[in-house]
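Visitor: My file is data_10.txt. It has compact mmCIF, C-alpha atoms and all ligand atoms:
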```txt
# COMPACT_ATOMS: atom_id res chain seq x y z
CA MET A 198 16.17 -46.01 -31.71
CA LYS A 199 15.65 -43.66 -34.62
CA ASN A 200 12.29 -42.50 -35.92
CA THR A 201 11.14 -43.40 -39.43
CA LYS A 202 10.35 -40.72 -41.99
CA ILE A 203 8.72 -40.74 -45.40
CA ALA A 204 11.63 -39.72 -47.62
CA GLY A 205 9.89 -40.06 -50.99
CA ILE A 206 6.34 -40.55 -52.22
CA GLY A 207 4.69 -41.23 -55.57
CA PHE A 208 1.48 -42.45 -57.14
CA TYR A 209 0.31 -43.71 -60.49
CA VAL A 210 -3.20 -44.24 -61.83
CA PRO A 211 -4.04 -45.76 -65.24
CA GLU A 212 -5.06 -43.35 -67.99
CA LYS A 213 -8.44 -44.92 -68.71
CA VAL A 214 -11.24 -42.98 -66.96
CA VAL A 215 -14.51 -44.85 -66.39
CA THR A 216 -17.45 -42.65 -65.40
CA ASN A 217 -20.61 -43.71 -63.60
CA ASN A 218 -22.46 -43.25 -66.88
CA ASP A 219 -20.05 -45.72 -68.54
CA LEU A 220 -21.11 -48.32 -65.95
CA THR A 221 -24.80 -47.74 -66.69
CA LYS A 222 -24.13 -49.22 -70.15
CA VAL A 223 -23.30 -52.65 -68.69
CA MET A 224 -25.36 -52.85 -65.48
CA ASP A 225 -28.53 -51.48 -63.94
CA THR A 226 -27.20 -48.50 -61.96
CA SER A 227 -27.19 -44.71 -62.23
CA ASP A 228 -24.82 -41.80 -61.76
CA GLU A 229 -27.25 -40.39 -59.20
CA TRP A 230 -27.32 -43.60 -57.09
CA ILE A 231 -23.54 -43.96 -57.09
CA GLN A 232 -22.83 -40.33 -56.25
CA GLU A 233 -25.48 -40.12 -53.57
CA ARG A 234 -24.38 -43.30 -51.73
CA THR A 235 -20.61 -43.18 -52.28
CA GLY A 236 -19.56 -39.76 -53.63
CA ILE A 237 -17.78 -41.47 -56.55
CA LYS A 238 -17.95 -39.79 -59.99
CA GLU A 239 -15.34 -41.79 -61.87
CA ARG A 240 -12.53 -44.27 -61.42
CA ARG A 241 -9.50 -45.50 -63.43
CA TYR A 242 -9.15 -48.94 -65.02
CA ALA A 243 -5.89 -50.58 -65.98
CA GLU A 244 -5.19 -51.38 -69.63
CA LYS A 245 -5.68 -55.09 -70.22
CA HIS A 246 -2.62 -57.05 -71.40
CA LYS A 247 -0.40 -54.04 -70.64
CA GLU A 248 -0.91 -53.22 -66.97
CA SER A 249 -1.25 -55.21 -63.75
CA THR A 250 -1.08 -54.62 -60.02
CA SER A 251 2.71 -55.07 -59.99
CA THR A 252 3.31 -52.81 -63.02
CA LEU A 253 1.19 -49.99 -61.55
CA GLY A 254 3.06 -50.46 -58.27
CA ALA A 255 6.42 -50.31 -60.05
CA LYS A 256 5.49 -46.97 -61.68
CA ALA A 257 4.50 -45.44 -58.34
CA ALA A 258 7.62 -46.92 -56.69
CA ALA A 259 9.95 -45.43 -59.31
CA ILE A 260 8.60 -41.95 -58.54
CA ALA A 261 8.92 -42.46 -54.77
CA ILE A 262 12.49 -43.75 -55.14
CA GLU A 263 13.52 -40.77 -57.28
CA ARG A 264 11.92 -38.28 -54.88
CA ALA A 265 13.76 -39.91 -51.97
CA GLY A 266 16.99 -39.02 -53.77
CA ILE A 267 18.11 -42.64 -54.01
CA THR A 268 18.22 -45.30 -56.73
CA ALA A 269 16.57 -48.72 -56.84
CA ALA A 270 19.96 -50.20 -55.88
CA ASP A 271 19.75 -48.42 -52.50
CA VAL A 272 16.41 -50.03 -51.51
CA ASP A 273 17.04 -52.78 -48.96
CA PHE A 274 13.54 -54.19 -48.39
CA ILE A 275 10.21 -54.24 -50.25
CA ILE A 276 6.73 -54.47 -48.75
CA PHE A 277 3.82 -54.84 -51.19
CA ALA A 278 0.23 -54.50 -50.00
CA THR A 279 -2.56 -55.68 -52.31
CA LEU A 280 -5.73 -57.75 -52.45
CA SER A 281 -5.55 -58.11 -56.22
CA PRO A 282 -2.17 -59.78 -56.85
CA ASP A 283 -1.01 -60.61 -60.39
CA TYR A 284 -0.63 -64.27 -59.40
CA TYR A 285 -2.21 -66.38 -56.66
CA PHE A 286 1.44 -66.97 -55.80
CA PRO A 287 4.19 -65.78 -55.80
CA GLY A 288 3.27 -62.33 -54.56
CA CYS A 289 3.62 -58.96 -56.25
CA ALA A 290 6.70 -57.87 -54.27
CA VAL A 291 8.98 -60.21 -56.24
CA LEU A 292 7.38 -59.20 -59.56
CA LEU A 293 7.94 -55.52 -58.79
CA GLN A 294 11.46 -56.35 -57.63
CA ARG A 295 12.20 -57.94 -61.01
CA GLN A 296 10.78 -54.96 -62.92
CA LEU A 297 12.88 -52.45 -60.97
CA GLY A 298 16.03 -54.60 -60.98
CA MET A 299 16.33 -54.98 -57.22
CA GLN A 300 16.97 -58.74 -57.12
CA GLY A 301 18.44 -60.15 -53.93
CA ILE A 302 16.84 -58.03 -51.22
CA GLY A 303 13.91 -59.26 -49.12
CA ALA A 304 10.42 -58.88 -50.59
CA LEU A 305 7.24 -59.25 -48.53
CA ASP A 306 3.60 -59.32 -49.62
CA ILE A 307 0.91 -58.45 -47.11
CA ARG A 308 -2.79 -59.26 -47.37
CA ASN A 309 -4.59 -56.67 -45.27
CA GLN A 310 -6.89 -55.19 -47.91
CA CYS A 311 -7.93 -51.58 -47.21
CA SER A 312 -5.68 -51.43 -44.12
CA GLY A 313 -2.71 -52.80 -46.08
CA PHE A 314 -0.86 -49.52 -46.34
CA VAL A 315 -1.19 -48.72 -42.61
CA TYR A 316 -0.14 -52.26 -41.70
CA GLY A 317 2.80 -51.97 -44.12
CA LEU A 318 3.82 -48.64 -42.63
CA SER A 319 3.90 -50.21 -39.18
CA ILE A 320 6.00 -53.16 -40.40
CA ALA A 321 8.43 -50.84 -42.20
CA ASP A 322 8.65 -48.64 -39.09
CA GLN A 323 9.79 -51.59 -36.96
CA PHE A 324 12.53 -52.52 -39.46
CA VAL A 325 13.82 -48.95 -39.75
CA LYS A 326 13.63 -48.18 -36.01
CA THR A 327 15.67 -51.22 -35.08
CA GLY A 328 18.30 -50.29 -37.66
CA MET A 329 17.79 -53.42 -39.75
CA TYR A 330 16.98 -51.52 -42.97
CA LYS A 331 17.70 -47.96 -44.17
CA ASN A 332 15.52 -47.69 -47.28
CA VAL A 333 12.27 -49.62 -47.16
CA LEU A 334 10.00 -49.40 -50.21
CA LEU A 335 6.32 -49.72 -49.30
CA VAL A 336 3.83 -50.09 -52.15
CA GLY A 337 0.02 -50.27 -52.15
CA SER A 338 -1.43 -51.23 -55.52
CA GLU A 339 -4.66 -52.66 -56.90
CA VAL A 340 -6.22 -53.70 -60.17
CA HIS A 341 -9.80 -54.39 -59.18
CA SER A 342 -11.23 -54.02 -62.66
CA TYR A 343 -9.99 -57.48 -63.79
CA GLY A 344 -11.82 -59.29 -60.98
CA ILE A 345 -15.21 -57.69 -60.41
CA ASP A 346 -18.67 -58.60 -61.66
CA PHE A 347 -19.90 -56.21 -64.36
CA SER A 348 -23.39 -57.70 -64.36
CA THR A 349 -26.17 -56.11 -62.26
CA LYS A 350 -25.64 -58.85 -59.66
CA GLY A 351 -22.25 -57.38 -58.76
CA ARG A 352 -23.21 -53.70 -58.90
CA ASN A 353 -22.98 -52.94 -55.16
CA VAL A 354 -19.27 -53.89 -55.21
CA THR A 355 -18.27 -52.99 -58.76
CA VAL A 356 -19.30 -49.31 -58.75
CA ILE A 357 -17.12 -48.64 -55.69
CA PHE A 358 -13.71 -49.95 -56.71
CA GLY A 359 -11.00 -48.53 -58.96
CA ASP A 360 -7.39 -49.24 -59.96
CA GLY A 361 -4.24 -47.38 -58.91
CA ALA A 362 -1.01 -47.47 -56.94
CA GLY A 363 0.91 -45.43 -54.40
CA ALA A 364 4.35 -45.89 -52.86
CA VAL A 365 6.65 -44.45 -50.23
CA VAL A 366 10.31 -44.84 -49.31
CA LEU A 367 10.92 -44.98 -45.57
CA GLN A 368 14.21 -43.99 -44.00
CA PRO A 369 15.57 -43.32 -40.51
CA THR A 370 15.59 -39.68 -39.36
CA GLU A 371 18.01 -38.03 -36.92
CA ASP A 372 15.17 -35.82 -35.64
CA SER A 373 13.53 -37.65 -32.75
CA THR A 374 10.47 -35.35 -32.79
CA SER A 375 9.44 -36.06 -36.41
CA GLY A 376 8.54 -39.02 -38.59
CA ILE A 377 6.16 -41.82 -37.60
CA LEU A 378 5.00 -41.11 -34.03
CA SER A 379 2.94 -44.29 -33.62
CA THR A 380 0.95 -46.93 -35.49
CA HIS A 381 -2.11 -48.84 -34.24
CA LEU A 382 -3.30 -52.08 -35.80
CA HIS A 383 -6.51 -54.04 -35.19
CA ALA A 384 -8.57 -56.86 -36.68
CA ASP A 385 -11.67 -58.90 -35.95
CA GLY A 386 -11.93 -62.14 -37.92
CA ASP A 387 -15.53 -62.68 -36.81
CA TYR A 388 -16.40 -60.49 -39.79
CA ALA A 389 -14.14 -62.24 -42.32
CA GLU A 390 -16.90 -63.07 -44.81
CA LYS A 391 -18.66 -59.66 -44.70
CA LEU A 392 -16.33 -58.32 -47.38
CA ALA A 393 -14.49 -61.16 -49.04
CA TYR A 394 -13.35 -62.82 -52.24
CA ILE A 395 -13.95 -66.45 -51.32
CA ASN A 396 -13.81 -68.43 -54.57
CA PRO A 397 -11.53 -69.70 -55.90
CA GLY A 398 -9.89 -70.56 -52.60
CA CYS A 399 -8.45 -73.56 -50.80
CA HIS A 400 -11.14 -73.69 -48.11
CA SER A 401 -13.44 -76.55 -49.27
CA GLY A 402 -16.31 -74.91 -47.39
CA VAL A 403 -14.66 -75.47 -44.01
CA HIS A 404 -15.48 -72.07 -42.51
CA LEU A 405 -19.08 -71.64 -43.55
CA GLY A 406 -20.01 -75.33 -43.80
CA THR A 407 -20.68 -76.85 -47.19
CA GLU A 408 -24.46 -76.52 -46.68
CA GLN A 409 -24.38 -72.85 -45.75
CA PHE A 410 -21.67 -72.31 -48.30
CA GLY A 411 -24.19 -73.39 -50.91
CA TYR A 412 -22.35 -76.44 -52.28
CA PRO A 413 -23.36 -79.35 -50.00
CA GLU A 414 -22.70 -82.14 -52.52
CA GLN A 415 -19.65 -80.58 -54.05
CA GLU A 416 -16.36 -82.41 -54.43
CA PHE A 417 -13.75 -79.69 -54.22
CA GLY A 418 -10.70 -79.99 -56.38
CA GLY A 419 -8.26 -78.24 -58.66
CA ALA A 420 -8.05 -74.57 -57.78
CA PHE A 421 -11.23 -75.00 -55.72
CA LEU A 422 -13.25 -73.23 -58.35
CA THR A 423 -15.73 -75.89 -59.28
CA GLU A 424 -17.92 -76.24 -62.34
CA LYS A 425 -21.00 -75.45 -60.24
CA MET A 426 -19.43 -72.24 -58.91
CA TRP A 427 -18.53 -71.31 -62.47
CA GLU A 428 -22.12 -71.94 -63.61
CA ASP A 429 -23.45 -69.86 -60.70
CA GLY A 430 -21.01 -67.04 -61.40
CA ASN A 431 -19.84 -67.43 -57.79
CA TYR A 432 -16.27 -66.27 -58.27
CA TYR A 433 -16.43 -62.57 -57.45
CA PRO A 434 -15.97 -60.48 -54.32
CA ASN A 435 -19.03 -60.10 -52.12
CA MET A 436 -19.85 -57.37 -49.63
CA GLU A 437 -22.53 -56.79 -47.04
CA GLY A 438 -22.44 -53.04 -47.55
CA GLN A 439 -24.45 -52.00 -44.51
CA ALA A 440 -22.44 -54.18 -42.11
CA VAL A 441 -19.23 -52.65 -43.50
CA PHE A 442 -20.61 -49.13 -43.22
CA LYS A 443 -21.78 -49.63 -39.62
CA MET A 444 -18.42 -50.91 -38.38
CA ALA A 445 -16.40 -48.43 -40.43
CA VAL A 446 -18.06 -45.36 -38.91
CA GLN A 447 -17.38 -46.79 -35.45
CA LYS A 448 -13.78 -47.96 -35.95
CA PHE A 449 -12.42 -45.00 -37.94
CA PRO A 450 -12.99 -42.41 -35.16
CA GLU A 451 -11.95 -44.93 -32.49
CA VAL A 452 -8.58 -45.73 -34.06
CA ILE A 453 -7.86 -42.07 -34.88
CA MET A 454 -8.55 -41.12 -31.24
CA GLU A 455 -6.30 -43.99 -30.13
CA ALA A 456 -3.42 -42.51 -32.15
CA LEU A 457 -4.05 -39.00 -30.85
CA GLN A 458 -4.40 -40.05 -27.22
CA THR A 459 -1.21 -42.14 -27.38
CA ASN A 460 0.63 -38.97 -28.31
CA GLY A 461 -1.25 -36.60 -25.97
CA LEU A 462 -2.92 -34.84 -28.90
CA GLN A 463 -6.44 -33.73 -29.92
CA PRO A 464 -8.34 -33.71 -33.23
CA THR A 465 -7.66 -29.94 -33.45
CA ASP A 466 -3.92 -30.74 -33.67
CA ILE A 467 -4.36 -32.67 -36.95
CA ASP A 468 -3.16 -30.69 -39.97
CA MET A 469 -4.25 -33.35 -42.45
CA LEU A 470 -6.33 -36.49 -42.04
CA ILE A 471 -5.88 -38.99 -44.85
CA PRO A 472 -8.71 -41.48 -44.44
CA HIS A 473 -8.73 -44.63 -46.53
CA GLN A 474 -11.07 -43.72 -49.38
CA ALA A 475 -13.78 -46.29 -48.67
CA ASN A 476 -16.79 -44.13 -49.28
CA LEU A 477 -17.19 -40.33 -49.15
CA ARG A 478 -20.14 -40.71 -46.76
CA ILE A 479 -17.92 -42.62 -44.30
CA SER A 480 -15.20 -39.92 -44.50
CA GLN A 481 -17.78 -37.17 -43.97
CA PHE A 482 -19.18 -39.00 -40.96
CA VAL A 483 -15.69 -39.35 -39.46
CA GLN A 484 -14.90 -35.68 -40.14
CA LYS A 485 -18.08 -34.58 -38.39
CA ARG A 486 -17.57 -36.93 -35.44
CA LEU A 487 -14.05 -35.53 -34.86
CA GLY A 488 -15.13 -31.93 -35.50
CA LEU A 489 -12.60 -31.44 -38.31
CA ARG A 490 -12.75 -28.62 -40.87
CA ASP A 491 -12.83 -29.39 -44.61
CA ASP A 492 -9.20 -28.29 -45.01
CA GLN A 493 -8.11 -30.88 -42.41
CA VAL A 494 -9.33 -33.86 -44.47
CA TRP A 495 -8.21 -35.04 -47.93
CA ASN A 496 -10.76 -36.87 -50.06
CA ASN A 497 -10.25 -37.95 -53.67
CA ILE A 498 -12.62 -40.93 -53.93
CA GLN A 499 -14.69 -38.80 -56.32
CA LYS A 500 -11.96 -39.27 -58.98
CA TYR A 501 -10.54 -42.70 -58.25
CA GLY A 502 -13.16 -44.76 -56.38
CA ASN A 503 -11.92 -47.04 -53.63
CA THR A 504 -8.44 -48.25 -54.54
CA THR A 505 -8.06 -50.34 -51.35
CA ALA A 506 -4.35 -50.64 -50.34
CA ALA A 507 -3.46 -47.83 -52.76
CA SER A 508 -5.97 -45.28 -51.54
CA ILE A 509 -3.99 -43.81 -48.62
CA PRO A 510 -0.66 -43.38 -50.47
CA ILE A 511 -2.47 -41.92 -53.51
CA ALA A 512 -4.36 -39.42 -51.32
CA LEU A 513 -1.25 -38.65 -49.25
CA CYS A 514 0.79 -38.00 -52.38
CA GLU A 515 -1.89 -35.82 -53.95
CA ALA A 516 -2.23 -33.74 -50.78
CA TRP A 517 1.56 -33.38 -50.56
CA GLU A 518 1.86 -32.45 -54.26
CA ALA A 519 -0.88 -29.83 -53.77
CA GLY A 520 1.22 -28.25 -51.00
CA LYS A 521 -1.30 -29.17 -48.32
CA ILE A 522 1.24 -31.17 -46.31
CA LYS A 523 4.30 -29.24 -45.20
CA GLU A 524 7.28 -29.90 -42.97
CA GLY A 525 6.22 -30.11 -39.33
CA ASP A 526 2.57 -30.88 -40.13
CA LEU A 527 0.75 -33.54 -38.13
CA VAL A 528 -0.64 -36.09 -40.60
CA CYS A 529 -3.02 -38.81 -39.49
CA MET A 530 -3.80 -41.84 -41.67
CA ALA A 531 -6.61 -44.23 -40.87
CA ALA A 532 -8.05 -47.27 -42.59
CA PHE A 533 -10.82 -49.80 -42.24
CA GLY A 534 -11.74 -52.71 -44.46
CA SER A 535 -12.08 -56.40 -45.20
CA GLY A 536 -11.06 -58.75 -42.40
CA PHE A 537 -12.32 -56.67 -40.72
CA THR A 538 -8.98 -54.94 -40.24
CA TRP A 539 -8.39 -51.35 -39.23
CA GLY A 540 -5.52 -49.14 -38.17
CA SER A 541 -4.04 -45.67 -37.89
CA ALA A 542 -0.68 -43.94 -38.10
CA LEU A 543 0.38 -40.53 -36.92
CA ILE A 544 3.27 -38.77 -38.66
CA LYS A 545 5.03 -35.49 -37.98
CA TRP A 546 6.01 -34.62 -41.56
C1 LIG A 601 -22.49 -50.30 -50.74
C2 LIG A 601 -23.40 -49.19 -50.27
C3 LIG A 601 -23.10 -47.92 -51.04
C4 LIG A 601 -24.83 -49.62 -50.54
O1 LIG A 601 -25.71 -48.63 -50.05
P1 LIG A 601 -26.95 -49.06 -49.16
O2 LIG A 601 -27.70 -47.85 -48.87
O3 LIG A 601 -26.41 -49.85 -48.01
O4 LIG A 601 -27.73 -49.95 -50.18
P2 LIG A 601 -28.28 -51.42 -50.02
O5 LIG A 601 -27.18 -52.41 -50.13
O6 LIG A 601 -29.17 -51.49 -48.80
O7 LIG A 601 -29.17 -51.50 -51.29
C5 LIG A 601 -30.24 -50.60 -51.50
C6 LIG A 601 -30.79 -50.86 -52.86
O8 LIG A 601 -29.88 -50.36 -53.84
C7 LIG A 601 -29.60 -51.37 -54.79
N1 LIG A 601 -28.25 -51.21 -55.29
C8 LIG A 601 -27.10 -51.74 -54.82
N2 LIG A 601 -26.07 -51.33 -55.57
C9 LIG A 601 -26.57 -50.53 -56.52
C10 LIG A 601 -26.00 -49.81 -57.59
N3 LIG A 601 -24.69 -49.81 -57.82
N4 LIG A 601 -26.84 -49.09 -58.37
C11 LIG A 601 -28.13 -49.05 -58.15
N5 LIG A 601 -28.76 -49.72 -57.16
C12 LIG A 601 -27.97 -50.45 -56.35
C13 LIG A 601 -29.79 -52.67 -54.04
O9 LIG A 601 -30.04 -53.72 -54.92
C14 LIG A 601 -31.00 -52.33 -53.19
O10 LIG A 601 -32.15 -52.45 -53.97
P3 LIG A 601 -33.52 -52.98 -53.33
O11 LIG A 601 -33.86 -51.98 -52.26
O12 LIG A 601 -34.45 -52.96 -54.51
O13 LIG A 601 -33.21 -54.32 -52.79
C15 LIG A 601 -23.23 -48.92 -48.75
O14 LIG A 601 -23.74 -49.99 -48.00
C16 LIG A 601 -21.82 -48.67 -48.37
O15 LIG A 601 -21.25 -47.68 -48.75
N6 LIG A 601 -21.24 -49.54 -47.56
C17 LIG A 601 -19.86 -49.45 -47.21
C18 LIG A 601 -19.07 -50.00 -48.36
C19 LIG A 601 -17.63 -49.73 -48.26
O16 LIG A 601 -17.20 -48.72 -47.78
N7 LIG A 601 -16.85 -50.68 -48.76
C20 LIG A 601 -15.47 -50.58 -48.79
C21 LIG A 601 -14.94 -50.88 -47.46
S1 LIG A 601 -13.25 -50.66 -47.43
```
Once more with this new file: its structure as structure tokens, please.
Guide:
Amino acid sequence: MKNTKIAGIGFYVPEKVVTNNDLTKVMDTSDEWIQERTGIKERRYAEKHKESTSTLGAKAAAIAIERAGITAADVDFIIFATLSPDYYFPGCAVLLQRQLGMQGIGALDIRNQCSGFVYGLSIADQFVKTGMYKNVLLVGSEVHSYGIDFSTKGRNVTVIFGDGAGAVVLQPTEDSTSGILSTHLHADGDYAEKLAYINPGCHSGVHLGTEQFGYPEQEFGGAFLTEKMWEDGNYYPNMEGQAVFKMAVQKFPEVIMEALQTNGLQPTDIDMLIPHQANLRISQFVQKRLGLRDDQVWNNIQKYGNTTAASIPIALCEAWEAGKIKEGDLVCMAAFGSGFTWGSALIKW
């Protein structure tokens, strides 16, 4: 079996910059609070009526395809990771496929939130290794800004998230010592509602119980967004920030060590760690726990916020464009997020 390499990489973020001070105009928050708790200074927002998750993804994909030295016609499978799809269904992979003129090939959407890119990388790796596909396009893209609560009620979630997209083209490599060395995927559904976008959804209160869910008398119907939910403004993502933080700082180091140990390596062997950009404080905690130097970790959450499935490919691409990832380097990617899901991947570049 052949190893899988990243043959091309690209990212795209919308032009509109939204600073912490901009957010203070619509909700009760402050630049100081946001920077102190998350490290975020600004984020990008998509342009309404012109941009969406699939269009951002298509822009990043076009760059990755060109850098891989192929054309869209050479791509033989698409994987699209997002939690903010253009439509409830169908998924974004077919919309991106249409935009790039790649009709006919398989197109898969995955719903693994912040771990989406690592999960996608693992899926692509299996297809390439077995020889089924030669050019797999993997995209992580999000437009959070269309679906978050800009009132003070939603501030703990809204200040964190931003829009953007990243993409890679994966190909087989003849060199058995380079490319993806291993991927490690985990999840624990006990925590499903700790970071979730529950309404509208086709659940009718079944998981939490209608009482606990807050709508005991409700007749669910239509898109399962009821009039009462609308009146309550209960149609936004919710997050128990401290529960997320606590698990993230445990699972990030654990899953990075799992990848290293599988390959007989140590944290000192890592040339570049690309952590999912959840929160700068989480990344700093992980860096300290693993004893990594500043030049071994790439963080860009300060500029883009948390872009969920897009955060790893954006950070990876930035680090590569800055010349901080070179041939032969050991690159570790790790993610944790809603589900809870978490994972890691180790690549010899
Ligand atoms: C979200 C997070 C920054 C909140 O920080 P925290 O220290 O846990 O803050 P808390 O939720 O306990 O809230 C503390 C106070 O700040 C307030 N607050 C919350 N968001 C705020 C905001 N954006 N601006 C100002 N105040 C805010 C709360 O209302 C609360 O006020 P109170 O003490 O008067 O009740 C933090 O929990 C976190 O980073 N969690 C991980 C989130 C994450 O990584 N998510 C992505 C996962 S992929």
Visitor: Neighbours of ligand LIG 601 (chain A) at 7 Å or closer, counting only C-alpha atoms and all ligand atoms: which residues, as JSON, numbers by chain?
Guide: {"A": [225, 226, 227, 230, 231, 234, 235, 311, 352, 353, 354, 356, 437, 438, 439, 441, 442, 475, 476, 503, 505, 533, 534, 535]}
Visitor: Identify the residues within 10 Å of coordinate (-1.2, -52.6, -48.8) (same frame as the file), considering all atoms listed in the file, and give the answer as a PyMOL selection string.
Guide: chain A and resi 276-280+306-318+335-339+362-364+505-510
Visitor: Please compute the atom CA of A:Leu422-atom CA of A:Asp360 distance, one decimal, in Å.
Guide: 24.7 Å
Visitor: Counting all atoms listed in the file, which of A:Pro287, A:Gly488, A:Gly502, A:Pro472 gets nearest to A:Ala532?
Guide: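 Between A:Pro287, A:Gly488, A:Gly502, A:Pro472, the residue approaching A:Ala532 most closely is A:Pro472.
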Visitor: Report the distance between atom CA of A:Ile237 and atom CA of A:Asn217 in Å, rounded to one decimal place.
Guide: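 Rounded to one decimal, the two atoms are 7.9 Å apart.
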Visitor: Using only C-alpha atoms, I'd like a table of the residues in stretch 309-421 of chain A that come within 8 Å of stretch 428-432 of chain A; for each, show the closest atom pair and its distance in Å rounded to one decimal, ordered by chain and ascending number, as JSON lines.
Guide:
```
{"residue": "A:Tyr394", "atom": "CA", "partner": "A:Tyr432", "partner_atom": "CA", "distance": 7.5}
{"residue": "A:Ile395", "atom": "CA", "partner": "A:Tyr432", "partner_atom": "CA", "distance": 7.3}
{"residue": "A:Asn396", "atom": "CA", "partner": "A:Tyr432", "partner_atom": "CA", "distance": 4.9}
{"residue": "A:Pro397", "atom": "CA", "partner": "A:Tyr432", "partner_atom": "CA", "distance": 6.3}
```
Visitor: Store the residues picked out above, limited to C-alpha atoms, as a PDB file, in the frame of the given file.
Guide:
```pdb
ATOM      1  CA  TYR A 394     -13.350 -62.820 -52.240  1.00  0.00           C
ATOM      2  CA  ILE A 395     -13.950 -66.450 -51.320  1.00  0.00           C
ATOM      3  CA  ASN A 396     -13.810 -68.430 -54.570  1.00  0.00           C
ATOM      4  CA  PRO A 397     -11.530 -69.700 -55.900  1.00  0.00           C
TER       5      PRO A 397
END
```
